[in-house]
Structures are given as structure tokens and as C-alpha cells.
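Source file: input.txt. Holds: compact mmCIF, N, CA and C atoms.
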```txt
# COMPACT_ATOMS: atom_id res chain seq x y z
N GLN G 114 89.26 62.21 102.45
CA GLN G 114 89.42 63.65 102.38
C GLN G 114 90.88 63.99 102.65
N LEU G 115 91.42 64.83 101.77
CA LEU G 115 92.82 65.19 101.89
C LEU G 115 93.04 66.12 103.06
N GLN G 116 94.03 65.79 103.87
CA GLN G 116 94.42 66.66 104.98
C GLN G 116 95.93 66.80 104.98
N LEU G 117 96.38 67.99 105.34
CA LEU G 117 97.81 68.26 105.44
C LEU G 117 98.10 68.81 106.83
N VAL G 118 99.17 68.32 107.42
CA VAL G 118 99.56 68.78 108.75
C VAL G 118 101.05 69.10 108.73
N GLU G 119 101.36 70.36 109.00
CA GLU G 119 102.76 70.79 109.07
C GLU G 119 103.29 70.62 110.48
N SER G 120 104.58 70.42 110.56
CA SER G 120 105.27 70.37 111.85
C SER G 120 106.72 70.76 111.63
N GLY G 121 107.41 70.99 112.73
CA GLY G 121 108.84 71.28 112.66
C GLY G 121 109.21 72.73 112.86
N GLY G 122 108.21 73.58 112.99
CA GLY G 122 108.51 74.98 113.23
C GLY G 122 109.04 75.19 114.64
N GLY G 123 109.52 76.40 114.88
CA GLY G 123 110.04 76.73 116.19
C GLY G 123 110.89 77.97 116.16
N LEU G 124 111.66 78.14 117.21
CA LEU G 124 112.54 79.30 117.36
C LEU G 124 113.96 78.89 116.98
N VAL G 125 114.58 79.70 116.14
CA VAL G 125 115.94 79.40 115.69
C VAL G 125 116.72 80.70 115.58
N GLN G 126 118.00 80.63 115.79
CA GLN G 126 118.84 81.83 115.68
C GLN G 126 119.17 82.11 114.22
N PRO G 127 119.46 83.35 113.90
CA PRO G 127 119.89 83.67 112.53
C PRO G 127 121.07 82.80 112.12
N GLY G 128 121.02 82.32 110.90
CA GLY G 128 122.05 81.43 110.40
C GLY G 128 121.78 79.97 110.65
N GLY G 129 120.77 79.70 111.45
CA GLY G 129 120.44 78.32 111.78
C GLY G 129 119.58 77.64 110.72
N SER G 130 119.18 76.42 111.05
CA SER G 130 118.42 75.60 110.11
C SER G 130 117.22 74.97 110.80
N LEU G 131 116.21 74.71 110.00
CA LEU G 131 115.04 73.96 110.44
C LEU G 131 114.57 73.11 109.27
N ARG G 132 113.91 72.01 109.60
CA ARG G 132 113.26 71.22 108.56
C ARG G 132 111.79 71.07 108.91
N LEU G 133 110.97 71.55 108.01
CA LEU G 133 109.53 71.41 108.17
C LEU G 133 109.06 70.14 107.49
N SER G 134 108.05 69.53 108.08
CA SER G 134 107.42 68.36 107.49
C SER G 134 105.96 68.66 107.20
N CYS G 135 105.45 68.01 106.19
CA CYS G 135 104.04 68.13 105.81
C CYS G 135 103.52 66.73 105.57
N ILE G 136 102.74 66.24 106.53
CA ILE G 136 102.19 64.89 106.40
C ILE G 136 100.82 64.99 105.74
N VAL G 137 100.66 64.21 104.68
CA VAL G 137 99.42 64.23 103.92
C VAL G 137 98.65 62.95 104.20
N SER G 138 97.38 63.06 104.44
CA SER G 138 96.55 61.89 104.67
C SER G 138 95.28 61.99 103.84
N GLY G 139 94.67 60.84 103.63
CA GLY G 139 93.41 60.79 102.91
C GLY G 139 93.54 60.54 101.43
N VAL G 140 94.72 60.74 100.89
CA VAL G 140 94.98 60.51 99.47
C VAL G 140 96.38 59.94 99.33
N THR G 141 96.69 59.48 98.14
CA THR G 141 98.05 59.08 97.82
C THR G 141 98.77 60.28 97.24
N LEU G 142 99.90 60.58 97.82
CA LEU G 142 100.59 61.81 97.47
C LEU G 142 101.14 61.82 96.05
N ASP G 143 101.26 60.65 95.46
CA ASP G 143 101.97 60.50 94.18
C ASP G 143 101.47 61.45 93.09
N ASP G 144 100.19 61.76 93.07
CA ASP G 144 99.62 62.53 91.98
C ASP G 144 99.48 64.02 92.29
N TYR G 145 100.07 64.45 93.39
CA TYR G 145 99.85 65.82 93.84
C TYR G 145 101.13 66.64 93.78
N ALA G 146 100.99 67.84 93.26
CA ALA G 146 102.06 68.81 93.42
C ALA G 146 101.98 69.38 94.83
N ILE G 147 103.13 69.71 95.38
CA ILE G 147 103.20 70.28 96.73
C ILE G 147 103.82 71.67 96.67
N GLY G 148 103.16 72.58 97.31
CA GLY G 148 103.69 73.93 97.42
C GLY G 148 103.99 74.27 98.87
N TRP G 149 104.98 75.11 99.06
CA TRP G 149 105.29 75.66 100.38
C TRP G 149 105.12 77.17 100.30
N PHE G 150 104.54 77.71 101.35
CA PHE G 150 104.24 79.14 101.40
C PHE G 150 104.51 79.65 102.81
N ARG G 151 104.56 80.95 102.92
CA ARG G 151 104.65 81.54 104.25
C ARG G 151 103.91 82.87 104.25
N GLN G 152 103.53 83.26 105.45
CA GLN G 152 102.87 84.55 105.60
C GLN G 152 103.30 85.18 106.91
N ALA G 153 103.87 86.35 106.80
CA ALA G 153 104.27 87.12 107.97
C ALA G 153 103.16 88.11 108.30
N PRO G 154 103.10 88.56 109.53
CA PRO G 154 102.05 89.51 109.93
C PRO G 154 102.05 90.76 109.05
N GLY G 155 100.89 91.11 108.54
CA GLY G 155 100.75 92.30 107.72
C GLY G 155 101.23 92.15 106.30
N LYS G 156 101.64 90.95 105.91
CA LYS G 156 102.14 90.73 104.56
C LYS G 156 101.29 89.71 103.83
N GLU G 157 101.38 89.73 102.52
CA GLU G 157 100.67 88.75 101.72
C GLU G 157 101.38 87.40 101.79
N ARG G 158 100.61 86.38 101.49
CA ARG G 158 101.19 85.05 101.45
C ARG G 158 102.23 84.98 100.33
N GLU G 159 103.37 84.42 100.64
CA GLU G 159 104.49 84.34 99.72
C GLU G 159 104.73 82.90 99.28
N GLY G 160 104.87 82.71 97.99
CA GLY G 160 105.19 81.39 97.48
C GLY G 160 106.67 81.09 97.63
N LEU G 161 106.98 79.93 98.17
CA LEU G 161 108.37 79.53 98.38
C LEU G 161 108.83 78.48 97.40
N SER G 162 107.99 77.49 97.17
CA SER G 162 108.39 76.43 96.25
C SER G 162 107.17 75.71 95.71
N CYS G 163 107.37 75.13 94.56
CA CYS G 163 106.36 74.26 93.96
C CYS G 163 107.10 73.03 93.45
N MET G 164 106.70 71.86 93.94
CA MET G 164 107.36 70.62 93.58
C MET G 164 106.38 69.71 92.85
N SER G 165 106.82 69.19 91.74
CA SER G 165 105.97 68.30 90.95
C SER G 165 105.68 67.02 91.71
N SER G 166 104.71 66.28 91.21
CA SER G 166 104.28 65.06 91.90
C SER G 166 105.40 64.03 92.01
N THR G 167 106.29 64.01 91.03
CA THR G 167 107.41 63.05 91.07
C THR G 167 108.60 63.59 91.85
N GLY G 168 108.61 64.86 92.11
CA GLY G 168 109.75 65.47 92.77
C GLY G 168 110.88 65.81 91.84
N ASN G 169 110.70 65.58 90.56
CA ASN G 169 111.78 65.82 89.60
C ASN G 169 111.93 67.28 89.22
N ASN G 170 110.90 68.05 89.43
CA ASN G 170 110.96 69.47 89.07
C ASN G 170 110.47 70.30 90.24
N THR G 171 111.31 71.22 90.68
CA THR G 171 110.95 72.10 91.78
C THR G 171 111.31 73.53 91.41
N TYR G 172 110.40 74.41 91.70
CA TYR G 172 110.60 75.82 91.41
C TYR G 172 110.57 76.58 92.73
N TYR G 173 111.44 77.58 92.83
CA TYR G 173 111.58 78.31 94.09
C TYR G 173 111.36 79.80 93.90
N GLY G 174 110.87 80.42 94.97
CA GLY G 174 110.82 81.86 94.98
C GLY G 174 112.21 82.44 95.15
N THR G 175 112.41 83.65 94.68
CA THR G 175 113.75 84.23 94.67
C THR G 175 114.30 84.47 96.07
N SER G 176 113.43 84.74 97.02
CA SER G 176 113.91 85.06 98.37
C SER G 176 114.49 83.86 99.09
N VAL G 177 114.17 82.65 98.63
CA VAL G 177 114.64 81.45 99.34
C VAL G 177 115.50 80.55 98.47
N LYS G 178 115.60 80.87 97.20
CA LYS G 178 116.38 80.03 96.29
C LYS G 178 117.82 79.97 96.75
N GLY G 179 118.34 78.75 96.85
CA GLY G 179 119.71 78.55 97.31
C GLY G 179 119.82 78.32 98.81
N ARG G 180 118.77 78.65 99.53
CA ARG G 180 118.78 78.45 100.99
C ARG G 180 117.79 77.37 101.43
N PHE G 181 116.66 77.29 100.74
CA PHE G 181 115.63 76.33 101.08
C PHE G 181 115.60 75.23 100.02
N THR G 182 115.31 74.02 100.49
CA THR G 182 115.19 72.88 99.58
C THR G 182 113.94 72.09 99.90
N ALA G 183 113.09 71.94 98.91
CA ALA G 183 111.88 71.13 99.07
C ALA G 183 112.18 69.71 98.63
N SER G 184 111.56 68.77 99.31
CA SER G 184 111.70 67.37 98.94
C SER G 184 110.42 66.64 99.32
N ARG G 185 110.34 65.40 98.92
CA ARG G 185 109.14 64.63 99.25
C ARG G 185 109.49 63.16 99.29
N ASP G 186 108.74 62.43 100.10
CA ASP G 186 108.84 60.98 100.18
C ASP G 186 107.43 60.46 99.98
N ASN G 187 107.12 60.12 98.75
CA ASN G 187 105.75 59.69 98.44
C ASN G 187 105.37 58.42 99.18
N ALA G 188 106.33 57.57 99.45
CA ALA G 188 106.05 56.34 100.18
C ALA G 188 105.57 56.64 101.60
N LYS G 189 106.03 57.77 102.14
CA LYS G 189 105.61 58.16 103.49
C LYS G 189 104.51 59.22 103.46
N ASN G 190 104.08 59.58 102.25
CA ASN G 190 103.06 60.63 102.12
C ASN G 190 103.47 61.91 102.84
N THR G 191 104.73 62.24 102.73
CA THR G 191 105.27 63.37 103.46
C THR G 191 106.14 64.24 102.56
N ALA G 192 105.98 65.54 102.72
CA ALA G 192 106.84 66.51 102.04
C ALA G 192 107.65 67.26 103.08
N TYR G 193 108.77 67.80 102.64
CA TYR G 193 109.68 68.47 103.56
C TYR G 193 110.13 69.80 102.97
N LEU G 194 110.50 70.70 103.86
CA LEU G 194 111.15 71.93 103.46
C LEU G 194 112.35 72.13 104.37
N GLN G 195 113.53 71.93 103.82
CA GLN G 195 114.77 72.17 104.56
C GLN G 195 115.15 73.63 104.41
N MET G 196 115.30 74.30 105.54
CA MET G 196 115.58 75.73 105.53
C MET G 196 116.94 75.97 106.18
N ASN G 197 117.85 76.50 105.43
CA ASN G 197 119.20 76.79 105.92
C ASN G 197 119.47 78.29 105.86
N SER G 198 120.50 78.69 106.57
CA SER G 198 120.92 80.10 106.58
C SER G 198 119.74 81.02 106.86
N LEU G 199 119.00 80.69 107.87
CA LEU G 199 117.78 81.45 108.16
C LEU G 199 118.10 82.89 108.58
N LYS G 200 117.21 83.77 108.15
CA LYS G 200 117.35 85.20 108.43
C LYS G 200 116.17 85.67 109.26
N LEU G 201 116.34 86.84 109.86
CA LEU G 201 115.26 87.40 110.67
C LEU G 201 113.97 87.52 109.84
N GLU G 202 114.12 87.90 108.59
CA GLU G 202 112.95 88.11 107.73
C GLU G 202 112.28 86.82 107.28
N ASP G 203 112.84 85.68 107.66
CA ASP G 203 112.18 84.41 107.36
C ASP G 203 111.11 84.06 108.38
N SER G 204 111.00 84.84 109.43
CA SER G 204 109.98 84.59 110.44
C SER G 204 108.59 84.74 109.84
N ALA G 205 107.78 83.72 110.03
CA ALA G 205 106.43 83.71 109.44
C ALA G 205 105.74 82.41 109.84
N VAL G 206 104.48 82.32 109.49
CA VAL G 206 103.77 81.04 109.54
C VAL G 206 103.97 80.36 108.20
N TYR G 207 104.40 79.12 108.24
CA TYR G 207 104.70 78.37 107.03
C TYR G 207 103.60 77.34 106.77
N TYR G 208 103.20 77.25 105.52
CA TYR G 208 102.13 76.37 105.11
C TYR G 208 102.59 75.45 103.98
N CYS G 209 102.08 74.24 103.99
CA CYS G 209 102.18 73.40 102.79
C CYS G 209 100.80 73.32 102.16
N ALA G 210 100.80 73.05 100.88
CA ALA G 210 99.56 72.96 100.13
C ALA G 210 99.73 71.90 99.05
N ALA G 211 98.61 71.36 98.60
CA ALA G 211 98.65 70.30 97.60
C ALA G 211 97.59 70.55 96.53
N GLU G 212 97.91 70.11 95.35
CA GLU G 212 96.95 70.21 94.25
C GLU G 212 97.15 69.02 93.32
N LEU G 213 96.04 68.38 92.97
CA LEU G 213 96.07 67.20 92.13
C LEU G 213 96.45 67.56 90.70
N ALA G 214 97.44 66.83 90.19
CA ALA G 214 97.82 66.91 88.78
C ALA G 214 98.16 68.33 88.32
N TYR G 215 98.78 69.10 89.18
CA TYR G 215 99.19 70.45 88.80
C TYR G 215 100.64 70.45 88.32
N TYR G 216 100.87 71.10 87.21
CA TYR G 216 102.21 71.18 86.65
C TYR G 216 102.90 72.45 87.14
N CYS G 217 103.94 72.26 87.92
CA CYS G 217 104.61 73.40 88.52
C CYS G 217 105.31 74.28 87.48
N SER G 218 105.49 73.77 86.28
CA SER G 218 106.07 74.60 85.23
C SER G 218 105.17 75.79 84.92
N ALA G 219 103.92 75.70 85.30
CA ALA G 219 102.98 76.79 85.08
C ALA G 219 102.85 77.71 86.30
N TRP G 220 103.58 77.41 87.34
CA TRP G 220 103.44 78.16 88.59
C TRP G 220 103.98 79.57 88.44
N ASP G 221 103.15 80.54 88.80
CA ASP G 221 103.54 81.94 88.77
C ASP G 221 103.87 82.35 90.19
N VAL G 222 105.15 82.37 90.51
CA VAL G 222 105.58 82.62 91.89
C VAL G 222 105.33 84.06 92.30
N VAL G 223 105.14 84.93 91.32
CA VAL G 223 105.00 86.35 91.64
C VAL G 223 103.53 86.75 91.83
N ASN G 224 102.70 86.31 90.90
CA ASN G 224 101.30 86.73 90.90
C ASN G 224 100.40 85.60 91.41
N TYR G 225 99.90 85.79 92.60
CA TYR G 225 98.95 84.85 93.21
C TYR G 225 99.46 83.40 93.17
N PRO G 226 100.62 83.14 93.73
CA PRO G 226 101.18 81.79 93.66
C PRO G 226 100.35 80.75 94.39
N ASP G 227 99.47 81.20 95.29
CA ASP G 227 98.69 80.24 96.06
C ASP G 227 97.42 79.81 95.33
N ARG G 228 97.05 80.47 94.26
CA ARG G 228 95.77 80.17 93.61
C ARG G 228 95.62 78.76 93.08
N PRO G 229 96.68 78.15 92.56
CA PRO G 229 96.49 76.79 92.02
C PRO G 229 96.23 75.71 93.07
N PHE G 230 96.48 76.04 94.33
CA PHE G 230 96.45 75.00 95.36
C PHE G 230 95.13 75.05 96.14
N GLY G 231 94.46 73.91 96.17
CA GLY G 231 93.15 73.86 96.79
C GLY G 231 93.12 73.31 98.20
N SER G 232 94.18 72.64 98.61
CA SER G 232 94.21 72.02 99.94
C SER G 232 95.39 72.55 100.72
N TRP G 233 95.12 72.93 101.97
CA TRP G 233 96.11 73.62 102.79
C TRP G 233 96.19 73.03 104.19
N GLY G 234 97.39 73.09 104.74
CA GLY G 234 97.56 72.76 106.14
C GLY G 234 97.25 73.95 107.02
N GLN G 235 97.38 73.75 108.31
CA GLN G 235 97.02 74.79 109.27
C GLN G 235 98.17 75.74 109.56
N GLY G 236 99.37 75.37 109.14
CA GLY G 236 100.53 76.23 109.30
C GLY G 236 101.35 75.90 110.54
N THR G 237 102.61 76.26 110.48
CA THR G 237 103.51 76.10 111.62
C THR G 237 104.37 77.36 111.72
N GLN G 238 104.54 77.83 112.93
CA GLN G 238 105.24 79.10 113.14
C GLN G 238 106.75 78.89 113.13
N VAL G 239 107.44 79.72 112.39
CA VAL G 239 108.90 79.77 112.39
C VAL G 239 109.31 81.16 112.85
N THR G 240 110.12 81.20 113.89
CA THR G 240 110.60 82.48 114.40
C THR G 240 112.12 82.46 114.40
N VAL G 241 112.68 83.42 113.70
CA VAL G 241 114.14 83.57 113.64
C VAL G 241 114.51 84.77 114.49
N SER G 242 115.23 84.52 115.55
CA SER G 242 115.54 85.60 116.48
C SER G 242 116.82 85.27 117.24
N SER G 243 117.56 86.33 117.55
CA SER G 243 118.76 86.13 118.35
C SER G 243 118.46 86.35 119.82
```

Show this structure as C-alpha cells.
Amino acid sequence: QLQLVESGGGLVQPGGSLRLSCIVSGVTLDDYAIGWFRQAPGKEREGLSCMSSTGNNTYYGTSVKGRFTASRDNAKNTAYLQMNSLKLEDSAVYYCAAELAYYCSAWDVVNYPDRPFGSWGQGTQVTVSS
């Protein structure tokens, strides 16, 4: 059974950086697309990135493009989200998600970006505050 566990969240000052990890167990990560999402209190879940199973193609939401970088190490069954130049509005619970054989070229970052993903982690809190 596929399980995802996020880690690496915490408190960081504006302008700082964090790297989130998503450890996947129960399956081989090679065939899965990985998505990163976040949800702030009172807001809808926001799509941040969608990375293909090979890692060769990654798509980003406009609010994080140029600041966040998704990566993966299939040998370690782990995905990462490097977050730089963090802003107050980046505070949220961050989630990773996985979907078998999903082509991120079809990912609609605006309309229901979370729908293609069937497996989710429990989330990790990121708080950006001075």
C-alpha cells in the first residue's frame, strides 16, 4: 500500500529557505508522478508543482515559479521541494501526492489541480514569520 510522509516543515523568516521531503513507501516511485500542494487556513488547496515519473518534466504554479524547485530521487523513493525566498503568504500546510502513470503535461494547475492525485501524505506545516 502506497504511503507518503512529508517532513522538513517548520518556522522560517521571510527570505529564508526550507527543503521539504516526501518519503514514499509501499511502491516503487519510478512510475509515479509527484505533486506538491499547500493549503492555508480558509483557502482552497493550491497546486505548486507536478513532476513526471522520470523527473524530466516539471510544471509549477505561478505563485512559486522561480522560487520553488521540485526534485526526486527514485532510488531513495523520495521527492523534495526546495523553497527559497519564502514569503509570509507561503505559510500553509504542505502536502505531497502521487499518482501512477500520470502525465503532468495534462496537469491543470488552475482548475482542481489536486484531482489527478489519488494518494496523499498527512502534510507538514510551514510558517513564515519574522

Can you work out the spacing between atom CA of G:Gln195 and atom C of G:Arg180 in Å, to one decimal?
6.8 Å

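At a cut-off of 7 Å from (110.4, 64.9, 94.4), the residue set is G:Met164, G:Ser165, G:Ser166, G:Thr167, G:Gly168, G:Asn169, G:Asn170, G:Ala183, G:Ser184, G:Arg185, G:Asp186 (counting only N, CA and C atoms).
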
Using only C-alpha atoms, pick whichever of G:Leu133, G:Leu201, G:Ala146, G:Cys217 has the shortest atom-to-atom distance to G:Phe181.
G:Leu133

When distances are computed from only C-alpha atoms, which of G:Ala205, G:Ala211, G:Leu161, G:Leu199 shows the smallest separation from G:Leu117?
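Answer, going by the shortest atom-to-atom distance: G:Ala211.
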
Point out the residue among G:Ser138, G:Gly160, G:Thr175, G:Val239 with the least atom-to-atom distance to G:Asn190, counting all atoms listed in the file.
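Selected residue with least distance to G:Asn190: G:Ser138.
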
Minimum-distance residue to G:Asn224, chosen among G:Thr182, G:Gly148, G:Asn197, G:Glu157 (using only C-alpha atoms):
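Residue with the minimum atom-to-atom distance to G:Asn224: G:Glu157.
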
List the spatial neighbours of G:Gly122 as a PyMOL selection string - criterion: any atom at most 6.5 Å away, all atoms listed in the file, same-chain residues fewer than 3 positions off excluded.
chain G and resi 119+132-134+237-240

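When only C-alpha atoms are used to compute distances to G:Asp143, the closest of the residues G:Arg158, G:Tyr215, G:Leu131, G:Ser198 turns out to be G:Tyr215.
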
Would you be able to write out as a VMD selection string which residues have an atom within 10 Å of (89.6, 62.1, 96.2) in the file's coordinates, counting only C-alpha atoms?
chain G and resid 114 to 115 139 to 141 213

Go through G:Thr171, G:Gln126, G:Ser120, G:Ser176 and flag the residue nearest G:Ser218, using all atoms listed in the file for the distances.
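Closest residue, counting all atoms listed in the file: G:Thr171.
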